[in-house]
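Student: Here you go, this is upload26.txt (compact mmCIF, C-alpha atoms).
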# COMPACT_ATOMS: atom_id res chain seq x y z
CA MET N 1 91.27 95.37 79.74
CA ARG N 2 90.91 94.23 76.15
CA LYS N 3 88.40 95.91 73.90
CA PRO N 4 85.95 93.48 72.34
CA VAL N 5 86.50 92.92 68.64
CA PRO N 6 83.45 94.23 66.74
CA GLN N 7 81.61 91.49 64.91
CA LYS N 8 80.28 91.99 61.40
CA GLY N 9 76.98 93.86 61.60
CA HIS N 10 77.67 94.88 65.22
CA PHE N 11 77.36 98.57 66.08
CA SER N 12 80.55 100.28 67.19
CA TRP N 13 80.27 103.51 69.16
CA GLU N 14 83.95 104.24 68.62
CA LYS N 15 83.59 103.95 64.85
CA TYR N 16 80.33 105.91 64.80
CA LEU N 17 81.74 108.81 66.82
CA LYS N 18 84.81 108.96 64.59
CA GLU N 19 82.71 108.89 61.39
CA THR N 20 80.36 111.62 62.61
CA GLY N 21 82.98 113.76 64.33
CA ALA N 22 80.86 113.62 67.48
CA THR N 23 81.81 113.43 71.13
CA ALA N 24 80.22 111.06 73.60
CA ALA N 25 78.60 112.54 76.69
CA PRO N 26 80.82 111.66 79.65
CA ALA N 27 79.41 109.50 82.45
CA SER N 28 79.75 112.47 84.83
CA CYS N 29 76.88 114.21 82.97
CA PHE N 30 74.37 111.56 84.01
CA ARG N 31 72.69 112.10 87.36
CA GLN N 32 70.07 109.35 87.34
CA SER N 33 69.63 107.46 90.54
CA ALA N 34 70.81 103.87 90.49
CA THR N 35 67.41 102.97 91.92
CA PRO N 36 64.38 104.14 89.92
CA PRO N 37 61.74 106.11 91.84
CA LEU N 38 58.82 104.22 93.35
CA ASN N 39 55.72 104.57 91.18
CA GLU N 40 52.48 104.35 93.18
CA PHE N 41 50.35 106.02 90.52
CA LYS N 42 47.44 104.26 88.83
CA ALA N 43 45.69 104.98 85.54
CA GLY N 44 42.84 107.45 85.99
CA MET N 45 44.42 109.43 88.83
CA LYS N 46 44.31 113.23 88.62
CA LEU N 47 47.19 115.58 89.34
CA GLU N 48 48.54 119.02 88.50
CA ALA N 49 51.21 119.11 85.80
CA LEU N 50 53.21 121.76 83.99
CA ASP N 51 52.03 122.01 80.40
CA PRO N 52 54.94 120.69 78.30
CA ARG N 53 54.11 123.23 75.57
CA ASN N 54 54.07 126.15 78.03
CA THR N 55 55.86 125.40 81.30
CA THR N 56 54.57 128.58 82.91
CA SER N 57 51.09 127.01 82.92
CA THR N 58 49.92 124.36 85.34
CA CYS N 59 47.05 122.21 84.18
CA ILE N 60 44.84 119.38 85.35
CA ALA N 61 46.20 116.08 84.02
CA THR N 62 45.15 112.45 84.10
CA VAL N 63 47.46 109.45 84.35
CA VAL N 64 46.60 107.46 81.22
CA GLY N 65 49.45 104.97 81.26
CA LEU N 66 52.35 103.61 83.27
CA THR N 67 55.68 102.05 82.32
CA GLY N 68 58.02 101.36 85.20
CA ALA N 69 58.79 104.69 86.90
CA ARG N 70 57.21 106.68 84.05
CA LEU N 71 53.73 108.17 83.83
CA ARG N 72 51.93 108.84 80.57
CA LEU N 73 49.92 112.00 81.18
CA ARG N 74 47.13 113.70 79.28
CA LEU N 75 46.03 117.26 79.97
CA ASP N 76 42.30 117.20 80.63
CA GLY N 77 40.40 118.26 77.53
CA SER N 78 43.25 117.16 75.23
CA ASP N 79 43.53 114.11 73.00
CA ASN N 80 46.11 111.33 72.89
CA LYS N 81 48.21 113.21 70.30
CA ASN N 82 49.42 115.49 73.09
CA ASP N 83 50.19 112.86 75.75
CA PHE N 84 53.55 113.25 77.45
CA TRP N 85 55.74 111.25 79.83
CA ARG N 86 57.15 112.19 83.24
CA LEU N 87 59.03 110.22 85.86
CA ALA N 88 57.06 109.54 89.04
CA ASP N 89 59.42 111.84 90.97
CA SER N 90 59.38 114.70 88.44
CA SER N 91 59.33 118.24 89.80
CA GLU N 92 56.85 119.06 87.00
CA ILE N 93 53.97 117.11 88.57
CA HIS N 94 52.19 117.85 91.84
CA PRO N 95 49.24 116.61 93.91
CA ILE N 96 45.94 118.39 93.46
CA GLY N 97 45.81 121.55 95.53
CA HIS N 98 49.47 122.45 94.92
CA CYS N 99 48.65 125.60 92.94
CA GLU N 100 46.16 126.83 95.50
CA LYS N 101 48.63 126.26 98.35
CA ASN N 102 51.24 128.27 96.45
CA GLY N 103 49.06 131.15 95.26
CA GLY N 104 48.85 129.93 91.66
CA MET N 105 45.94 129.33 89.35
CA LEU N 106 45.28 126.18 87.39
CA GLN N 107 44.65 126.60 83.71
CA PRO N 108 41.26 125.20 82.72
CA PRO N 109 40.99 122.00 80.71
CA LEU N 110 41.18 122.67 76.97
CA GLY N 111 37.81 123.78 75.65
CA ASN N 112 36.81 125.21 79.04
CA HIS N 113 37.28 128.98 78.96
CA THR N 114 37.00 129.71 82.68
CA ARG N 115 39.86 129.51 85.15
CA VAL N 116 39.56 126.71 87.65
CA HIS N 117 39.04 128.16 91.11
CA SER N 118 39.49 126.20 94.30
CA ARG N 119 35.85 125.13 94.81
CA GLN N 120 35.43 124.24 91.15
CA ARG N 121 38.75 122.41 91.04
CA GLU N 122 37.71 119.87 93.64
CA SER N 123 34.93 118.56 91.41
CA ARG N 124 37.07 118.75 88.26
CA CYS N 125 40.13 117.12 89.79
CA SER N 126 38.26 114.39 91.61
CA PRO N 127 35.20 113.41 89.58
CA SER N 128 33.31 110.56 91.20
CA GLY N 129 35.07 107.28 90.66
CA VAL N 130 38.45 108.85 89.90
CA ALA N 131 40.97 109.17 92.70
CA PRO N 132 43.48 111.99 92.99
CA ALA N 133 47.12 110.97 92.78
CA PRO N 134 48.63 110.24 96.18
CA SER N 135 50.70 113.17 97.37
CA SER N 136 53.46 110.87 98.56
CA SER N 137 54.02 109.78 94.96
CA ALA N 138 54.46 113.24 93.53
CA LEU N 139 55.44 116.00 95.93
CA SER N 140 54.96 115.20 99.59
CA ALA N 141 52.44 117.43 101.30
CA SER N 142 54.82 117.55 104.25
CA VAL N 143 57.05 119.90 102.24
CA PHE N 144 54.39 122.58 102.71
CA PRO N 145 53.31 123.94 106.07
CA PRO N 146 49.71 123.15 107.04
CA GLN N 147 47.17 125.79 106.15
CA GLY N 148 46.74 128.32 108.91
CA SER N 149 50.23 127.66 110.31
CA GLY N 150 51.26 131.25 109.68
CA SER N 151 54.13 130.14 107.47
CA THR N 152 54.33 131.30 103.91
CA PRO N 153 54.77 128.42 101.47
CA PRO N 154 57.55 128.66 98.89
CA PRO N 155 56.61 130.20 95.55
CA GLY N 156 55.34 127.65 93.08
CA PRO N 157 55.63 127.24 89.33
CA CYS N 158 51.91 127.83 88.92
CA SER N 159 50.70 130.49 86.56
CA SER N 160 48.92 133.49 87.96
What would you get if you wrote out this structure as structure tokens?

Tutor:
Amino acid sequence: MRKPVPQKGHFSWEKYLKETGATAAPASCFRQSATPPLNEFKAGMKLEALDPRNTTSTCIATVVGLTGARLRLRLDGSDNKNDFWRLADSSEIHPIGHCEKNGGMLQPPLGNHTRVHSRQRESRCSPSGVAPAPSSSALSASVFPPQGSGSTPPPGPCSS
């Protein structure tokens, strides 16, 4: 196979790597699926997300934007300067109730100094007119045994 001849003003990876003394990441490092994950989320949906600034904390988040398989998320009580992106199939996002099912505790929205307990969370995570994110789009509820089944759910990433 012949290498294409670089045209004037055309970027050359080979030349760039040589000039910078860098090494390209081999294709074997990339594990992305050939098919992007299905994104059923809609703006305004609520979910539980790991705080990108402190991944030991799980917080209430709102989907504020969508681009293909990506979600733009905002931690409730935060402003748009702290928005962050996650893929629809990220292990760092979960349906509401995930922390409670796994013995964790949601961190309150910024500016709210009380921890969100299960009864309070329902009203905070699902204010009227705002739907929770569908569990099938984040982490399927079928992964966890039904409440009262006698099974112990796996430990979660939620803070305690």

Student: Skipping near chain neighbours, those fewer than 4 positions away, what residues fall within 10 Å of Thr67 in chain N using all atoms listed in the file, listed as a PDB file with C-alpha atoms, keeping the file's coordinate frame?

Tutor:
ATOM      1  CA  ASN N  39      55.720 104.570  91.180  1.00  0.00           C
ATOM      2  CA  LEU N  71      53.730 108.170  83.830  1.00  0.00           C
ATOM      3  CA  ARG N  72      51.930 108.840  80.570  1.00  0.00           C
ATOM      4  CA  TRP N  85      55.740 111.250  79.830  1.00  0.00           C
ATOM      5  CA  LEU N  87      59.030 110.220  85.860  1.00  0.00           C
TER       6      LEU N  87
END

Student: Give me the residues near Ala88 in chain N as an MDAnalysis selection string, where near means some atom within 9 Å (using only C-alpha atoms) and where sequence neighbours in that chain fewer than 6 positions away do not count.

Tutor: chainID N and resid 37:41 69:71 137:138

Student: So which one's closest to Glu92 in chain N, N:His10, N:Ser28, N:Leu17, N:Ser57? Using only C-alpha atoms, please.

Tutor: N:Ser57

Student: Please compute the CA of Cys99 in chain N-CA of Ser78 in chain N distance, one decimal, in Å.

Tutor: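 These two atoms are separated by 20.3 Å.
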
Student: Quick one: of N:Gly9, N:Pro95, N:Pro26, N:Gly65, who's nearest to Ala43 in chain N, counting all atoms listed in the file?

Tutor: N:Gly65

Student: Restricting the calculation to all atoms listed in the file: of N:Lys15, N:Arg31, N:Ala49, N:Asn54, which residue gets closest to Ser91 in chain N?

Tutor: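 Among the listed residues, N:Ala49 lies closest to Ser91 in chain N.
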
Student: Please indicate the distance in Å from CA of Pro52 in chain N to CA of Asn102 in chain N, rounded to one decimal place.

Tutor: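 Calculated distance between CA of Pro52 in chain N and CA of Asn102 in chain N is 20.0 Å.
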
Student: I need the residue nearest Thr56 in chain N from this list: N:Gly104, N:Pro109, N:Asn80, N:Ser33. Use all atoms listed in the file for the distance.

Tutor: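 Of N:Gly104, N:Pro109, N:Asn80, N:Ser33, the one nearest Thr56 in chain N, counting all atoms listed in the file, is N:Gly104.
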
Student: Considering all atoms listed in the file, can you say which of N:Ile60, N:Leu66, N:Met45, N:Cys29 comes closest to Met105 in chain N?

Tutor: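 Using all atoms listed in the file, Met105 in chain N sits closest to N:Ile60.
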
Student: Rounded to one decimal, what separation in Å do you get between CA of Lys81 in chain N and CA of Pro36 in chain N?

Tutor: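 Going from CA of Lys81 in chain N over to CA of Pro36 in chain N covers 27.0 Å.
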